[in-house]
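The next block is protein_1.pdb, given as PDB, C-alpha atoms.
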```pdb
ATOM      1  CA  MET A 996      83.015 209.464  85.742
ATOM      2  CA  ILE A 997      80.445 207.048  84.307
ATOM      3  CA  ARG A 998      81.163 203.531  85.557
ATOM      4  CA  ILE A 999      79.657 200.813  83.345
ATOM      5  CA  VAL A1000      79.328 197.026  83.210
ATOM      6  CA  ILE A1001      79.450 195.394  79.775
ATOM      7  CA  ALA A1002      77.176 192.349  79.480
ATOM      8  CA  ASP A1003      77.713 190.285  76.325
ATOM      9  CA  ASP A1004      78.509 186.597  75.913
ATOM     10  CA  HIS A1005      80.977 187.153  73.054
ATOM     11  CA  THR A1006      84.559 187.959  74.074
ATOM     12  CA  ILE A1007      85.317 189.619  70.730
ATOM     13  CA  MET A1008      82.328 191.939  71.112
ATOM     14  CA  ARG A1009      83.289 192.906  74.678
ATOM     15  CA  GLU A1010      86.883 193.623  73.618
ATOM     16  CA  GLY A1011      85.628 195.674  70.683
ATOM     17  CA  LEU A1012      83.368 197.725  72.935
ATOM     18  CA  LYS A1013      86.234 198.362  75.345
ATOM     19  CA  ARG A1014      88.381 199.653  72.484
ATOM     20  CA  ILE A1015      85.602 202.013  71.424
ATOM     21  CA  LEU A1016      85.345 203.345  74.978
ATOM     22  CA  ASP A1017      89.111 203.680  75.503
ATOM     23  CA  GLY A1018      89.050 207.170  74.035
ATOM     24  CA  ALA A1019      86.327 208.425  76.384
ATOM     25  CA  PRO A1020      87.976 209.908  79.504
ATOM     26  CA  ASP A1021      84.669 210.107  81.387
ATOM     27  CA  ILE A1022      83.764 206.397  80.975
ATOM     28  CA  GLU A1023      85.258 203.587  83.061
ATOM     29  CA  ILE A1024      84.669 199.822  82.625
ATOM     30  CA  ALA A1025      83.699 198.621  86.116
ATOM     31  CA  GLY A1026      82.994 194.992  85.199
ATOM     32  CA  GLU A1027      81.855 192.444  82.639
ATOM     33  CA  ALA A1028      79.200 189.729  82.464
ATOM     34  CA  THR A1029      78.769 186.852  80.013
ATOM     35  CA  ASN A1030      75.299 185.589  80.994
ATOM     36  CA  GLY A1031      72.167 186.619  82.839
ATOM     37  CA  PHE A1032      73.302 185.195  86.165
ATOM     38  CA  GLU A1033      76.537 187.187  86.067
ATOM     39  CA  VAL A1034      74.540 190.305  85.219
ATOM     40  CA  LEU A1035      72.406 189.880  88.328
ATOM     41  CA  ALA A1036      75.511 189.213  90.418
ATOM     42  CA  GLN A1037      77.050 192.479  89.183
ATOM     43  CA  VAL A1038      73.811 194.344  89.860
ATOM     44  CA  ARG A1039      73.621 193.008  93.412
ATOM     45  CA  GLN A1040      77.256 193.910  94.010
ATOM     46  CA  GLY A1041      76.644 197.450  92.732
ATOM     47  CA  GLY A1042      79.295 200.111  92.334
ATOM     48  CA  PHE A1043      78.453 201.171  88.764
ATOM     49  CA  ASP A1044      76.123 203.613  87.014
ATOM     50  CA  LEU A1045      75.085 201.986  83.745
ATOM     51  CA  LEU A1046      74.508 198.471  82.426
ATOM     52  CA  LEU A1047      75.357 197.967  78.750
ATOM     53  CA  LEU A1048      73.236 194.904  78.036
ATOM     54  CA  ASP A1049      72.995 192.485  75.121
ATOM     55  CA  LEU A1050      69.424 191.195  74.672
ATOM     56  CA  SER A1051      70.450 187.629  73.777
ATOM     57  CA  MET A1052      72.708 185.833  76.246
ATOM     58  CA  PRO A1053      72.799 182.393  77.883
ATOM     59  CA  GLY A1054      70.577 181.974  80.922
ATOM     60  CA  ARG A1055      68.125 184.665  81.831
ATOM     61  CA  SER A1056      68.006 187.292  79.105
ATOM     62  CA  GLY A1057      65.877 189.694  77.130
ATOM     63  CA  VAL A1058      62.923 191.542  78.575
ATOM     64  CA  ASP A1059      62.741 189.142  81.514
ATOM     65  CA  LEU A1060      66.270 190.091  82.593
ATOM     66  CA  ILE A1061      65.612 193.814  82.138
ATOM     67  CA  ARG A1062      62.598 193.582  84.461
ATOM     68  CA  GLN A1063      64.621 191.662  87.058
ATOM     69  CA  VAL A1064      67.430 194.235  86.993
ATOM     70  CA  ARG A1065      64.930 197.070  87.216
ATOM     71  CA  SER A1066      63.231 195.488  90.247
ATOM     72  CA  GLU A1067      66.553 195.016  92.070
ATOM     73  CA  ALA A1068      68.207 198.298  91.063
ATOM     74  CA  PRO A1069      65.517 200.858  90.160
ATOM     75  CA  LYS A1070      68.017 203.708  89.721
ATOM     76  CA  LEU A1071      70.485 201.822  87.512
ATOM     77  CA  SER A1072      70.574 203.035  83.902
ATOM     78  CA  ILE A1073      70.175 200.311  81.255
ATOM     79  CA  LEU A1074      71.350 200.727  77.663
ATOM     80  CA  ILE A1075      70.509 197.845  75.323
ATOM     81  CA  LEU A1076      73.068 196.967  72.664
ATOM     82  CA  THR A1077      71.759 194.298  70.311
ATOM     83  CA  MET A1078      71.740 192.729  66.863
ATOM     84  CA  HIS A1079      67.950 193.166  66.651
ATOM     85  CA  GLU A1080      67.048 196.014  64.305
ATOM     86  CA  GLU A1081      63.255 195.609  64.273
ATOM     87  CA  GLU A1082      61.593 198.328  66.340
ATOM     88  CA  GLN A1083      59.356 195.864  68.187
ATOM     89  CA  TYR A1084      62.341 194.532  70.144
ATOM     90  CA  ALA A1085      63.203 198.069  71.220
ATOM     91  CA  VAL A1086      59.632 198.903  72.226
ATOM     92  CA  ARG A1087      59.434 195.831  74.472
ATOM     93  CA  ALA A1088      62.844 196.535  76.006
ATOM     94  CA  ILE A1089      61.955 200.146  76.787
ATOM     95  CA  ARG A1090      58.588 199.171  78.237
ATOM     96  CA  ALA A1091      60.427 196.720  80.493
ATOM     97  CA  GLY A1092      62.622 199.504  81.878
ATOM     98  CA  ALA A1093      65.568 200.156  79.543
ATOM     99  CA  GLN A1094      66.431 203.819  78.948
ATOM    100  CA  GLY A1095      68.199 203.321  75.635
ATOM    101  CA  TYR A1096      68.406 200.977  72.659
ATOM    102  CA  LEU A1097      71.300 200.817  70.219
ATOM    103  CA  THR A1098      72.090 198.295  67.483
ATOM    104  CA  LYS A1099      75.589 196.818  67.410
ATOM    105  CA  GLU A1100      75.949 198.038  63.846
ATOM    106  CA  SER A1101      75.725 201.621  65.144
ATOM    107  CA  ALA A1102      77.981 201.126  68.167
ATOM    108  CA  GLY A1103      81.148 202.392  66.507
ATOM    109  CA  THR A1104      79.752 205.882  65.961
ATOM    110  CA  GLN A1105      76.982 206.218  68.546
ATOM    111  CA  LEU A1106      77.979 204.225  71.640
ATOM    112  CA  VAL A1107      79.821 206.918  73.601
ATOM    113  CA  GLY A1108      77.076 209.479  72.985
ATOM    114  CA  ALA A1109      74.380 206.976  73.907
ATOM    115  CA  ILE A1110      76.113 206.088  77.194
ATOM    116  CA  ARG A1111      76.509 209.748  78.146
ATOM    117  CA  LYS A1112      72.894 210.526  77.330
ATOM    118  CA  VAL A1113      71.416 207.552  79.208
ATOM    119  CA  ALA A1114      73.742 208.090  82.190
ATOM    120  CA  SER A1115      72.491 211.674  82.435
ATOM    121  CA  GLY A1116      68.930 210.424  82.818
ATOM    122  CA  ARG A1117      67.734 211.016  79.270
ATOM    123  CA  PRO A1118      66.452 208.337  76.876
ATOM    124  CA  TYR A1119      68.385 207.253  73.802
ATOM    125  CA  ILE A1120      66.138 205.851  71.084
ATOM    126  CA  SER A1121      65.909 206.182  67.330
ATOM    127  CA  THR A1122      63.216 208.191  65.565
ATOM    128  CA  GLU A1123      61.684 204.920  64.314
ATOM    129  CA  VAL A1124      61.392 203.524  67.835
ATOM    130  CA  ALA A1125      59.905 206.785  69.133
ATOM    131  CA  GLU A1126      57.307 206.672  66.353
ATOM    132  CA  GLN A1127      56.469 203.054  67.181
ATOM    133  CA  LEU A1128      55.986 203.909  70.863
ATOM    134  CA  ALA A1129      53.715 206.804  69.919
ATOM    135  CA  LEU A1130      51.682 204.622  67.546
ATOM    136  CA  ASN A1131      51.205 202.007  70.266
ATOM    137  CA  ILE A1132      49.823 204.680  72.584
ATOM    138  CA  MET A1133      47.562 206.306  69.985
ATOM    139  CA  ALA A1134      46.253 203.100  68.377
ATOM    140  CA  PRO A1135      46.789 200.206  70.795
ATOM    141  CA  ASN A1136      44.144 198.029  69.143
ATOM    142  CA  GLU A1137      45.574 198.313  65.639
ATOM    143  CA  GLN A1138      48.273 195.736  66.205
ATOM    144  CA  LEU A1139      50.184 193.331  64.049
ATOM    145  CA  LEU A1140      49.901 189.674  65.002
ATOM    146  CA  HIS A1141      53.236 189.487  66.818
ATOM    147  CA  LYS A1142      52.340 192.468  68.989
ATOM    148  CA  GLN A1143      49.570 190.417  70.573
ATOM    149  CA  LEU A1144      52.167 188.096  72.120
ATOM    150  CA  SER A1145      53.348 188.482  75.690
ATOM    151  CA  ASP A1146      57.035 189.297  76.179
ATOM    152  CA  ARG A1147      57.850 185.655  76.997
ATOM    153  CA  GLU A1148      55.823 184.417  74.012
ATOM    154  CA  PHE A1149      57.604 186.878  71.743
ATOM    155  CA  GLU A1150      60.953 185.644  73.048
ATOM    156  CA  VAL A1151      59.986 182.015  72.354
ATOM    157  CA  PHE A1152      58.613 183.021  68.947
ATOM    158  CA  SER A1153      61.945 184.693  68.090
ATOM    159  CA  HIS A1154      63.888 181.563  68.979
ATOM    160  CA  LEU A1155      61.499 179.284  67.070
ATOM    161  CA  VAL A1156      61.672 181.269  63.832
ATOM    162  CA  GLY A1157      65.428 181.534  64.344
ATOM    163  CA  GLY A1158      65.714 177.777  63.952
ATOM    164  CA  LYS A1159      66.051 176.600  67.551
ATOM    165  CA  SER A1160      64.336 173.425  68.738
ATOM    166  CA  ILE A1161      61.971 173.361  71.688
ATOM    167  CA  THR A1162      64.635 171.599  73.766
ATOM    168  CA  GLU A1163      67.267 174.209  72.886
ATOM    169  CA  ILE A1164      64.868 177.014  73.793
ATOM    170  CA  ALA A1165      63.969 175.334  77.076
ATOM    171  CA  ASN A1166      67.638 174.975  78.006
ATOM    172  CA  GLY A1167      68.472 178.521  76.994
ATOM    173  CA  LEU A1168      65.583 180.117  78.876
ATOM    174  CA  HIS A1169      65.759 177.709  81.817
ATOM    175  CA  LEU A1170      62.197 176.520  81.251
ATOM    176  CA  SER A1171      60.771 173.015  80.960
ATOM    177  CA  VAL A1172      60.166 171.521  77.521
ATOM    178  CA  LYS A1173      56.478 171.302  78.395
ATOM    179  CA  THR A1174      56.340 175.041  79.184
ATOM    180  CA  VAL A1175      58.000 175.985  75.900
ATOM    181  CA  SER A1176      55.616 173.651  74.025
ATOM    182  CA  THR A1177      52.689 175.371  75.731
ATOM    183  CA  HIS A1178      54.057 178.768  74.714
ATOM    184  CA  LYS A1179      54.398 177.568  71.118
ATOM    185  CA  THR A1180      50.782 176.388  71.102
ATOM    186  CA  ARG A1181      49.544 179.726  72.474
ATOM    187  CA  ILE A1182      51.664 181.665  69.990
ATOM    188  CA  MET A1183      50.177 179.775  67.061
ATOM    189  CA  GLN A1184      46.653 180.226  68.436
ATOM    190  CA  LYS A1185      47.096 183.965  68.948
ATOM    191  CA  MET A1186      48.615 184.432  65.490
ATOM    192  CA  GLY A1187      46.133 182.120  63.781
ATOM    193  CA  MET A1188      48.855 179.872  62.366
ATOM    194  CA  THR A1189      49.111 176.102  62.062
ATOM    195  CA  SER A1190      52.782 175.496  61.270
ATOM    196  CA  LEU A1191      56.286 176.700  62.013
ATOM    197  CA  SER A1192      56.803 177.502  58.333
ATOM    198  CA  GLU A1193      53.945 180.022  58.520
ATOM    199  CA  MET A1194      55.609 181.646  61.520
ATOM    200  CA  VAL A1195      58.942 181.840  59.681
ATOM    201  CA  GLN A1196      57.298 183.372  56.603
ATOM    202  CA  TYR A1197      55.609 185.952  58.828
ATOM    203  CA  ALA A1198      58.910 186.709  60.602
ATOM    204  CA  VAL A1199      60.683 187.229  57.281
ATOM    205  CA  ALA A1200      57.904 189.465  55.955
ATOM    206  CA  HIS A1201      58.008 191.672  59.066
ATOM    207  CA  ARG A1202      61.807 191.718  59.486
ATOM    208  CA  LEU A1203      61.683 189.824  62.787
ATOM    209  CA  LEU A1204      64.567 187.495  62.037
ATOM    210  CA  SER A1205      67.659 188.753  63.853
ATOM    211  CA  PRO A1206      71.119 188.241  62.311
ATOM    212  CA  MET A1207      72.824 185.022  63.379
ATOM    213  CA  LYS A1208      75.365 185.458  66.163
ATOM    214  CA  ALA A1209      78.806 183.996  65.578
TER
END
```

Can you turn what I pasted into structure tokens?
Amino acid sequence: MIRIVIADDHTIMREGLKRILDGAPDIEIAGEATNGFEVLAQVRQGGFDLLLLDLSMPGRSGVDLIRQVRSEAPKLSILILTMHEEEQYAVRAIRAGAQGYLTKESAGTQLVGAIRKVASGRPYISTEVAEQLALNIMAPNEQLLHKQLSDREFEVFSHLVGGKSITEIANGLHLSVKTVSTHKTRIMQKMGMTSLSEMVQYAVAHRLLSPMKA
């Protein structure tokens, strides 16, 4: 029996995932989490085999949360389920310690298989993500501008181009406004940009804008 915890801040999404998994006799829902703090509480409590994790939740989230979970529970399997389709999100998540990456659009047909594969100790990634990982290894210096950003900078960048204010980002990531402003300045310096509109245009051109969550 594969015991899993579903971590997603949307009730409708969690209920939908549970319905998908109802027909799998070897998978049991051991718990749920709606934010990063609840995820860590579940991890510290233990008693499950796999964490099904949304990348974007209130509180601690994204790559930062993956690293924290990995440090506290090195043997716990992590499968990312997200709205982000761009391979760069997957590459960063896998580098942080996730074993699998699945878009919510594919969950209906691929979720059960992905859970079984990751729970057995094997990775679950798309061909595109595997190619991106290989390219990063073979040609690490031939990088697009956004690949020069640190994981935290990339997270802030994603929120900025998604339309969030510095204050909203600070509240969501539990950082100070000054820290987020500093990140924004460094992002623009690294990418050689002088305005938010340039960043948005770049994000659109490279498919870095994630779909809006309801």

| So what does the PyMOL selection byres ((chain A and resi 1034-1040) around 12) actually pick up in this one, as a PyMOL selection string? | chain A and resi 999-1004+1025-1033+1041-1050+1052-1057+1059-1073

Mind dumping the selected residues with C-alpha atoms as a compact mmCIF listing (two decimals), keeping the file's coordinate frame?
```
# COMPACT_ATOMS: atom_id res chain seq x y z
CA ILE A 999 79.66 200.81 83.34
CA VAL A 1000 79.33 197.03 83.21
CA ILE A 1001 79.45 195.39 79.78
CA ALA A 1002 77.18 192.35 79.48
CA ASP A 1003 77.71 190.28 76.32
CA ASP A 1004 78.51 186.60 75.91
CA ALA A 1025 83.70 198.62 86.12
CA GLY A 1026 82.99 194.99 85.20
CA GLU A 1027 81.86 192.44 82.64
CA ALA A 1028 79.20 189.73 82.46
CA THR A 1029 78.77 186.85 80.01
CA ASN A 1030 75.30 185.59 80.99
CA GLY A 1031 72.17 186.62 82.84
CA PHE A 1032 73.30 185.20 86.16
CA GLU A 1033 76.54 187.19 86.07
CA GLY A 1041 76.64 197.45 92.73
CA GLY A 1042 79.30 200.11 92.33
CA PHE A 1043 78.45 201.17 88.76
CA ASP A 1044 76.12 203.61 87.01
CA LEU A 1045 75.08 201.99 83.74
CA LEU A 1046 74.51 198.47 82.43
CA LEU A 1047 75.36 197.97 78.75
CA LEU A 1048 73.24 194.90 78.04
CA ASP A 1049 73.00 192.48 75.12
CA LEU A 1050 69.42 191.20 74.67
CA MET A 1052 72.71 185.83 76.25
CA PRO A 1053 72.80 182.39 77.88
CA GLY A 1054 70.58 181.97 80.92
CA ARG A 1055 68.12 184.66 81.83
CA SER A 1056 68.01 187.29 79.10
CA GLY A 1057 65.88 189.69 77.13
CA ASP A 1059 62.74 189.14 81.51
CA LEU A 1060 66.27 190.09 82.59
CA ILE A 1061 65.61 193.81 82.14
CA ARG A 1062 62.60 193.58 84.46
CA GLN A 1063 64.62 191.66 87.06
CA VAL A 1064 67.43 194.24 86.99
CA ARG A 1065 64.93 197.07 87.22
CA SER A 1066 63.23 195.49 90.25
CA GLU A 1067 66.55 195.02 92.07
CA ALA A 1068 68.21 198.30 91.06
CA PRO A 1069 65.52 200.86 90.16
CA LYS A 1070 68.02 203.71 89.72
CA LEU A 1071 70.48 201.82 87.51
CA SER A 1072 70.57 203.04 83.90
CA ILE A 1073 70.18 200.31 81.26
```

Step by step: start from the point (64.6, 182.0, 71.2) in the file's coordinates, keep every protein, DNA or RNA residue that has an atom no farther than 9 Å from it, count only C-alpha atoms, and write the set as a ChimeraX atom specification.
/A:1051,1149-1160,1163-1165,1167-1168

Separating atom CA of Arg1009 of chain A from atom CA of Ala1198 of chain A, to the nearest tenth of an Å, is a gap of 28.8 Å

message = Just the number, please: distance in Å from atom CA of Gly1092 of chain A to atom CA of Leu1074 of chain A, one decimal.
response =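 Atom-to-atom, atom CA of Gly1092 of chain A to atom CA of Leu1074 of chain A, that is 9.8 Å.
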
**OP:** Would you kindly return, as an NGL selection string, each protein, DNA or RNA residue with an atom no farther than 12 Å from any atom of Tyr1096 of chain A, considering only C-alpha atoms and excluding same-chain residues fewer than 3 positions away?
**Re:** :A and (1046-1050 or 1072-1093 or 1099-1102 or 1105-1106 or 1109-1110 or 1112-1113 or 1118-1125)

(message) Using Å and a single decimal, report how far atom CA of Leu1144 of chain A sits from atom CA of Arg1181 of chain A.
(response)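 About the pair atom CA of Arg1181 of chain A and atom CA of Leu1144 of chain A: they are 8.8 Å apart.
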
Between A:Ala1114, A:Gly1103, A:Thr1098, A:Met1186, smallest distance to Gly1011 of chain A by all atoms listed in the file belongs to A:Gly1103

With 5 Å added on each side, what axis-aligned box encloses every listed atom of segment 1137-1151 of chain A? Give the centre and edge lengths in Å to one decimal, as JSON.
```
{"center_x": 53.3, "center_y": 190.2, "center_z": 70.5, "size_x": 25.4, "size_y": 26.3, "size_z": 22.9}
```

**OP:** Run through the PyMOL selection byres ((chain A and resi 1175) around 9) on the given coordinates and return the selected residues as a PyMOL selection string.
**Re:** chain A and resi 1148+1151+1161-1162+1164-1165+1170-1174+1176-1180

Inset, instruction - Fewer than 4 positions away in the same chain doesn't count, so skip those; otherwise give me all residues within 9 Å of Arg1111 of chain A, counting all atoms listed in the file, as JSON, numbers by chain. - result: {"A": [997, 1021, 1022, 1106, 1107, 1115, 1116, 1117]}

Got time to write the residues from that selection, C-alpha atoms, as a compact mmCIF listing (two decimals), in the coordinates of the input?
```
# COMPACT_ATOMS: atom_id res chain seq x y z
CA ILE A 997 80.44 207.05 84.31
CA ASP A 1021 84.67 210.11 81.39
CA ILE A 1022 83.76 206.40 80.97
CA LEU A 1106 77.98 204.22 71.64
CA VAL A 1107 79.82 206.92 73.60
CA SER A 1115 72.49 211.67 82.44
CA GLY A 1116 68.93 210.42 82.82
CA ARG A 1117 67.73 211.02 79.27
```

Regenerate segment 1017-1028 of chain A at the level of N, CA and C atoms and dump it as a CSV table (one decimal), in the frame of the given file.
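Final output, saved to selection05.csv:
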```
chain,number,residue,atom,x,y,z
A,1017,ASP,N,87.8,203.3,75.0
A,1017,ASP,CA,89.1,203.7,75.5
A,1017,ASP,C,89.4,205.2,75.4
A,1018,GLY,N,88.8,205.7,74.3
A,1018,GLY,CA,89.0,207.2,74.0
A,1018,GLY,C,88.1,208.1,74.8
A,1019,ALA,N,87.3,207.6,75.6
A,1019,ALA,CA,86.3,208.4,76.4
A,1019,ALA,C,86.8,208.6,77.8
A,1020,PRO,N,87.4,209.7,78.2
A,1020,PRO,CA,88.0,209.9,79.5
A,1020,PRO,C,87.0,209.9,80.7
A,1021,ASP,N,85.7,210.1,80.3
A,1021,ASP,CA,84.7,210.1,81.4
A,1021,ASP,C,83.9,208.8,81.6
A,1022,ILE,N,84.4,207.7,80.9
A,1022,ILE,CA,83.8,206.4,81.0
A,1022,ILE,C,84.8,205.4,81.5
A,1023,GLU,N,84.4,204.6,82.5
A,1023,GLU,CA,85.3,203.6,83.1
A,1023,GLU,C,84.6,202.2,83.1
A,1024,ILE,N,85.2,201.2,82.6
A,1024,ILE,CA,84.7,199.8,82.6
A,1024,ILE,C,84.8,199.3,84.0
A,1025,ALA,N,83.7,199.1,84.7
A,1025,ALA,CA,83.7,198.6,86.1
A,1025,ALA,C,83.6,197.1,86.2
A,1026,GLY,N,83.2,196.4,85.1
A,1026,GLY,CA,83.0,195.0,85.2
A,1026,GLY,C,82.4,194.4,83.9
A,1027,GLU,N,82.4,193.1,83.8
A,1027,GLU,CA,81.9,192.4,82.6
A,1027,GLU,C,81.0,191.3,83.1
A,1028,ALA,N,80.1,190.9,82.2
A,1028,ALA,CA,79.2,189.7,82.5
A,1028,ALA,C,79.0,189.0,81.2
```
